[in-house]
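In what follows, a single structure is set out as structure tokens and then discussed.
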Amino acid sequence: MRLLALETSCDETSAAVVCDGRLLSNVVASQVRLHAKYGGVVPELATREHLRNTMPVVRQALGEADLGAVDLDAVAATRGPGLPPALVIGWRVAQALAYSLDRPLYGINHLEAHLLSPWVLGDPPAADYDNFRSNVSLIVSGGHTLLVEMSGLMEHRVLGGTLDDAAGECFDKVAKLMGLPYPGGPEVDRLAEEGSAVAFSFPRPMLARPGDDFSFSGLKTSVRYFLDQNPELKTDDARLPDLCASVRAAIVEVLVGKTMAAARRLGMTCVTASGGVTRNRALRRELEAACAEQGRVLRLAPPSLCTDNAGMVGLLAELFTKRKATRTSGIGADIQLSRNSGAVAG
Ligand code: KG4
Ligand code: ZN
């Protein structure tokens, strides 16, 4: 099975070719530089850029896989959630390809693709899905923060999520308050590596409360007040790393604490995490340490495949074809997805 997948849900135009659980290519054209001067993703610009980049990225993905379009057996694309006008570009190209090649088309839930990524892209890549273990999974991206119970590759239940800002959004917004460039998450992470996590004290929202929900807007507000009182910190190269490390520690402690509490409560011996924020070095280290201490197995995708890419979309689509699955997805239902993962009539 040779399948071409497209991902255009936000500010990355990506195309990948997958074959029997392996990535033959996974091309990502990032729009980060375009949006940086506006301090966030501008949907109109993102859409135009997807329009410009989708076909070149598809050609490159096919070229790297050494295939022509006629060699494909199926096509897939992210169906949602994401920026609606951006999603439409990838979906329309996928529809046109599937129609003209007379191949099946699969619409994939972006969050479900992240959720599966530690399995399909993890090390070792679990192409042999027999190695699957039920787990508690943390999805942390720019738009979502969810805790999910995965009882099978295709069976999952949302345990909780953020009541306001997503973890990635919180990283990006506090970075903006500090005057750091967009996207702020990687920048806070980079500076934090040289700072002290105990230099300043910030709240750990919801950590002590039972339940699987998160809330990050209070933490963001507390950073805002702190900077109002200490504006000189923004331009103090010697202390900014301390501020970044202290804020990062607060976010990471909540994410790890809630994830491990859910794993303990549900008796899960395996923990996974996915989404752009799983590139965060402190989050990866703290999850590893907590799992090692509690005797749980941790599965993560490699950092470069935690942010949006069509590879995870294609590997999930291939899994659907193998399982001939057309069922609805719990995640999709919970986040008001217009269309759930599964086979879609082209
Ligand atoms: O999954 P993703 O690529 O896109 C969405 O589906 O939203 O995640 C993007 C998010 C952004 O908020 C970005 O700042 C964050 O992931 N991110 C990070 C790091 N790398 C990316 N946040 C913290 N530390 C990082 N190293
Ligand atoms: Zn994403």
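Here's how to read the names in the structure tokens: chain A, B, ... by the order shown, residue numbers from 1 in each chain, ligand numbers from 1 in the order shown.
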Under the rule of at most 8 Å, produce a per-residue listing of chain A near ligand 1: chain, number, name, the closest pair of atoms, and the distance in Å, as a tab-separated table, using only C-alpha atoms and all ligand atoms.
residue	atom	partner	partner_atom_place_in_ligand_line	distance
A:Ser9	CA	ligand 1	6 (O)	7.5
A:Cys10	CA	ligand 1	5 (C)	6.8
A:Asp11	CA	ligand 1	4 (O)	7.9
A:Glu12	CA	ligand 1	3 (O)	7.9
A:Gly82	CA	ligand 1	6 (O)	7.5
A:His110	CA	ligand 1	6 (O)	7.4
A:Leu111	CA	ligand 1	6 (O)	7.6
A:His114	CA	ligand 1	1 (O)	7.4
A:Val140	CA	ligand 1	1 (O)	7.0
A:Ser141	CA	ligand 1	8 (O)	3.9
A:Gly142	CA	ligand 1	7 (O)	3.3
A:Gly143	CA	ligand 1	7 (O)	4.5
A:His144	CA	ligand 1	7 (O)	6.8
A:Ala167	CA	ligand 1	12 (O)	7.2
A:Gly168	CA	ligand 1	12 (O)	3.4
A:Glu169	CA	ligand 1	12 (O)	5.0
A:Cys170	CA	ligand 1	12 (O)	7.6
A:Phe171	CA	ligand 1	22 (N)	5.9
A:Asp172	CA	ligand 1	14 (O)	5.2
A:Tyr182	CA	ligand 1	14 (O)	7.8
A:Pro183	CA	ligand 1	14 (O)	5.0
A:Gly184	CA	ligand 1	14 (O)	5.3
A:Gly185	CA	ligand 1	14 (O)	3.5
A:Pro186	CA	ligand 1	26 (N)	3.8
A:Glu187	CA	ligand 1	26 (N)	7.2
A:Val188	CA	ligand 1	24 (N)	6.8
A:Asp189	CA	ligand 1	24 (N)	5.0
A:Arg190	CA	ligand 1	26 (N)	7.2
A:Ser274	CA	ligand 1	1 (O)	7.8
A:Gly275	CA	ligand 1	1 (O)	4.0
A:Gly276	CA	ligand 1	8 (O)	3.3
A:Val277	CA	ligand 1	22 (N)	3.9
A:Thr278	CA	ligand 1	19 (C)	6.8
A:Arg279	CA	ligand 1	26 (N)	4.5
A:Asn280	CA	ligand 1	26 (N)	3.5
A:Arg281	CA	ligand 1	26 (N)	6.2
A:Cys306	CA	ligand 1	1 (O)	6.4
A:Thr307	CA	ligand 1	3 (O)	3.3
A:Asp308	CA	ligand 1	3 (O)	4.1
A:Asn309	CA	ligand 1	3 (O)	7.8
Emit the selected residues as a short mmCIF file (atom, residue, chain, number, x, y, z; two decimals), in the first residue's frame, including N, CA, C and O atoms.
data_model
loop_
_atom_site.label_atom_id
_atom_site.label_comp_id
_atom_site.auth_asym_id
_atom_site.auth_seq_id
_atom_site.Cartn_x
_atom_site.Cartn_y
_atom_site.Cartn_z
N SER A 9 -3.27 21.95 8.35
CA SER A 9 -4.25 22.41 9.34
C SER A 9 -3.89 23.76 9.96
O SER A 9 -4.74 24.44 10.51
N CYS A 10 -2.60 24.14 9.89
CA CYS A 10 -2.22 25.41 10.52
C CYS A 10 -1.18 26.12 9.66
O CYS A 10 -1.51 26.60 8.59
N ASP A 11 0.07 26.16 10.11
CA ASP A 11 1.06 26.93 9.34
C ASP A 11 2.19 26.07 8.79
O ASP A 11 3.27 26.55 8.52
N GLU A 12 1.93 24.76 8.63
CA GLU A 12 2.89 23.90 7.97
C GLU A 12 2.22 23.23 6.78
O GLU A 12 1.16 22.63 6.95
N GLY A 82 -8.52 22.48 12.91
CA GLY A 82 -7.48 23.38 12.45
C GLY A 82 -8.13 24.64 11.92
O GLY A 82 -9.32 24.87 12.14
N HIS A 110 -6.70 15.43 12.94
CA HIS A 110 -5.34 15.90 13.26
C HIS A 110 -4.88 15.44 14.65
O HIS A 110 -3.74 15.02 14.84
N LEU A 111 -5.79 15.52 15.62
CA LEU A 111 -5.40 15.15 16.99
C LEU A 111 -5.19 13.65 17.12
O LEU A 111 -4.34 13.19 17.87
N HIS A 114 -1.74 13.01 15.91
CA HIS A 114 -0.75 13.26 16.98
C HIS A 114 -0.76 12.11 17.99
O HIS A 114 0.28 11.60 18.38
N VAL A 140 -0.29 17.75 23.51
CA VAL A 140 -0.04 19.17 23.80
C VAL A 140 0.43 19.87 22.53
O VAL A 140 1.55 19.67 22.08
N SER A 141 -0.45 20.69 21.97
CA SER A 141 -0.09 21.40 20.74
C SER A 141 -0.38 22.88 20.92
O SER A 141 -0.69 23.33 22.03
N GLY A 142 -0.31 23.61 19.81
CA GLY A 142 -0.60 25.04 19.90
C GLY A 142 -2.07 25.31 20.16
O GLY A 142 -2.44 26.31 20.75
N GLY A 143 -2.92 24.41 19.73
CA GLY A 143 -4.36 24.63 19.85
C GLY A 143 -5.06 23.75 20.86
O GLY A 143 -6.20 24.03 21.25
N HIS A 144 -4.43 22.68 21.32
CA HIS A 144 -5.11 21.72 22.19
C HIS A 144 -4.22 21.21 23.31
O HIS A 144 -3.00 21.09 23.14
N ALA A 167 -1.46 24.42 26.16
CA ALA A 167 -0.10 24.56 26.70
C ALA A 167 0.81 25.32 25.71
O ALA A 167 1.58 26.20 26.11
N GLY A 168 0.71 24.98 24.42
CA GLY A 168 1.54 25.64 23.41
C GLY A 168 1.19 27.12 23.31
O GLY A 168 2.07 27.98 23.17
N GLU A 169 -0.11 27.40 23.40
CA GLU A 169 -0.58 28.79 23.35
C GLU A 169 -0.01 29.56 24.55
O GLU A 169 0.41 30.72 24.41
N CYS A 170 0.02 28.92 25.71
CA CYS A 170 0.55 29.55 26.91
C CYS A 170 2.04 29.87 26.72
O CYS A 170 2.48 30.99 27.00
N PHE A 171 2.80 28.89 26.20
CA PHE A 171 4.22 29.14 25.90
C PHE A 171 4.35 30.33 24.95
O PHE A 171 5.16 31.23 25.16
N ASP A 172 3.54 30.33 23.89
CA ASP A 172 3.66 31.38 22.87
C ASP A 172 3.27 32.75 23.43
O ASP A 172 3.90 33.77 23.13
N TYR A 182 8.08 35.06 17.64
CA TYR A 182 7.14 33.96 17.40
C TYR A 182 7.83 32.87 16.56
O TYR A 182 8.61 33.22 15.67
N PRO A 183 7.57 31.60 16.76
CA PRO A 183 6.74 31.05 17.83
C PRO A 183 7.54 30.95 19.12
O PRO A 183 8.68 30.51 19.12
N GLY A 184 6.92 31.38 20.20
CA GLY A 184 7.65 31.56 21.44
C GLY A 184 8.05 30.28 22.15
O GLY A 184 9.04 30.27 22.88
N GLY A 185 7.28 29.21 21.95
CA GLY A 185 7.56 27.96 22.68
C GLY A 185 9.01 27.51 22.55
O GLY A 185 9.70 27.36 23.57
N PRO A 186 9.50 27.35 21.32
CA PRO A 186 10.89 26.89 21.17
C PRO A 186 11.89 27.89 21.74
O PRO A 186 12.94 27.50 22.27
N GLU A 187 11.57 29.18 21.67
CA GLU A 187 12.47 30.23 22.15
C GLU A 187 12.56 30.19 23.69
O GLU A 187 13.64 30.27 24.26
N VAL A 188 11.40 30.05 24.36
CA VAL A 188 11.40 29.94 25.83
C VAL A 188 12.21 28.70 26.23
O VAL A 188 13.02 28.74 27.16
N ASP A 189 12.00 27.62 25.52
CA ASP A 189 12.69 26.36 25.81
C ASP A 189 14.21 26.54 25.67
O ASP A 189 14.98 26.11 26.53
N ARG A 190 14.60 27.20 24.59
CA ARG A 190 16.04 27.38 24.32
C ARG A 190 16.70 28.22 25.42
O ARG A 190 17.72 27.84 25.99
N SER A 274 2.38 13.62 22.83
CA SER A 274 2.53 14.02 21.43
C SER A 274 2.13 15.48 21.25
O SER A 274 1.58 16.10 22.16
N GLY A 275 2.37 16.00 20.05
CA GLY A 275 2.05 17.39 19.74
C GLY A 275 3.30 18.26 19.86
O GLY A 275 4.29 17.86 20.49
N GLY A 276 3.23 19.46 19.27
CA GLY A 276 4.40 20.33 19.18
C GLY A 276 5.12 20.57 20.50
O GLY A 276 6.36 20.62 20.53
N VAL A 277 4.38 20.68 21.60
CA VAL A 277 5.03 21.00 22.88
C VAL A 277 5.88 19.82 23.38
O VAL A 277 6.76 20.00 24.22
N THR A 278 5.67 18.64 22.82
CA THR A 278 6.52 17.49 23.24
C THR A 278 7.93 17.62 22.69
O THR A 278 8.77 16.78 22.97
N ARG A 279 8.18 18.68 21.94
CA ARG A 279 9.57 18.98 21.57
C ARG A 279 10.30 19.59 22.76
O ARG A 279 11.51 19.67 22.77
N ASN A 280 9.52 20.09 23.72
CA ASN A 280 10.12 20.79 24.85
C ASN A 280 11.05 19.87 25.64
O ASN A 280 10.65 18.79 26.10
N ARG A 281 12.28 20.33 25.80
CA ARG A 281 13.29 19.47 26.41
C ARG A 281 12.99 19.14 27.86
O ARG A 281 13.17 18.01 28.31
N CYS A 306 7.27 15.72 16.28
CA CYS A 306 6.21 16.08 17.24
C CYS A 306 5.37 17.22 16.70
O CYS A 306 4.18 17.31 16.97
N THR A 307 6.00 18.13 15.95
CA THR A 307 5.22 19.22 15.34
C THR A 307 4.52 18.68 14.10
O THR A 307 4.80 17.57 13.63
N ASP A 308 3.63 19.50 13.53
CA ASP A 308 2.77 19.02 12.46
C ASP A 308 3.53 18.48 11.25
O ASP A 308 4.45 19.13 10.75
N ASN A 309 3.15 17.32 10.81
CA ASN A 309 3.75 16.71 9.61
C ASN A 309 2.76 15.73 9.01
O ASN A 309 1.93 15.16 9.71
#
Legend entry - Close residues, Asp102 of chain A itself excluded, 12 Å, only C-alpha atoms, min 2 positions apart in chain, as an MDAnalysis selection string: chainID A and resid 69:75 94:100 104:105 345:346
Any chance you can output those residues with C-alpha atoms as a PDB file, in the first residue's frame?
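The resulting file, result-v5.pdb, is reproduced below:
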ATOM      1  CA  ALA A  69       1.153   9.854  -8.726  1.00  0.00           C
ATOM      2  CA  VAL A  70      -0.141   6.843 -10.681  1.00  0.00           C
ATOM      3  CA  ASP A  71       1.793   4.519  -8.346  1.00  0.00           C
ATOM      4  CA  LEU A  72      -0.338   5.583  -5.380  1.00  0.00           C
ATOM      5  CA  ASP A  73      -2.967   3.266  -3.907  1.00  0.00           C
ATOM      6  CA  ALA A  74      -4.715   5.838  -1.706  1.00  0.00           C
ATOM      7  CA  VAL A  75      -4.740   9.490  -0.670  1.00  0.00           C
ATOM      8  CA  ALA A  94      -6.389  15.385  -1.849  1.00  0.00           C
ATOM      9  CA  GLN A  95      -9.926  15.155  -3.248  1.00  0.00           C
ATOM     10  CA  ALA A  96      -8.746  16.157  -6.724  1.00  0.00           C
ATOM     11  CA  LEU A  97      -5.885  13.633  -6.661  1.00  0.00           C
ATOM     12  CA  ALA A  98      -8.094  10.823  -5.361  1.00  0.00           C
ATOM     13  CA  TYR A  99     -10.771  11.625  -7.930  1.00  0.00           C
ATOM     14  CA  SER A 100      -8.435  11.845 -10.901  1.00  0.00           C
ATOM     15  CA  PRO A 104      -9.835   5.951  -2.043  1.00  0.00           C
ATOM     16  CA  LEU A 105      -9.604   9.114   0.039  1.00  0.00           C
ATOM     17  CA  ALA A 345     -16.403   8.905   0.082  1.00  0.00           C
ATOM     18  CA  GLY A 346     -14.185  10.730  -2.410  1.00  0.00           C
TER      19      GLY A 346
END
Legend entry - Test item, strand (DSSP E or B) assignment across segment 107-324 of chain A, answer as a ChimeraX atom specification: /A:107-109,135-140,145-152,155-162,214,270-274,297-300
Legend entry - Top pick for closest residue to Pro231 of chain A, considering A:Leu177, A:Ala197, A:Phe216, A:Ser25 and counting only C-alpha atoms: A:Leu177
Legend entry - Spatial neighbours of Val17 of chain A, max dist 12 Å, only C-alpha atoms, sep filter under 3 positions, as a VMD selection string: chain A and resid 1 to 7 14 20 to 27 57 to 69 71 to 77 309 to 315 317 to 318
Inset, instruction - Check the smallest atom-to-atom distance from each of A:Arg209, A:Ser196, A:Ser222, A:Ser201 to Ala238 of chain A using only C-alpha atoms, then report the winner. - result: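 Of the candidates, the smallest distance to Ala238 of chain A is held by A:Ser196.
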Legend entry - Test item: residues at most 10 Å from Gly218 of chain A, only C-alpha atoms, excluding those fewer than 5 positions along its chain, as a PyMOL selection string: chain A and resi 164-165+170+202-205+223-224
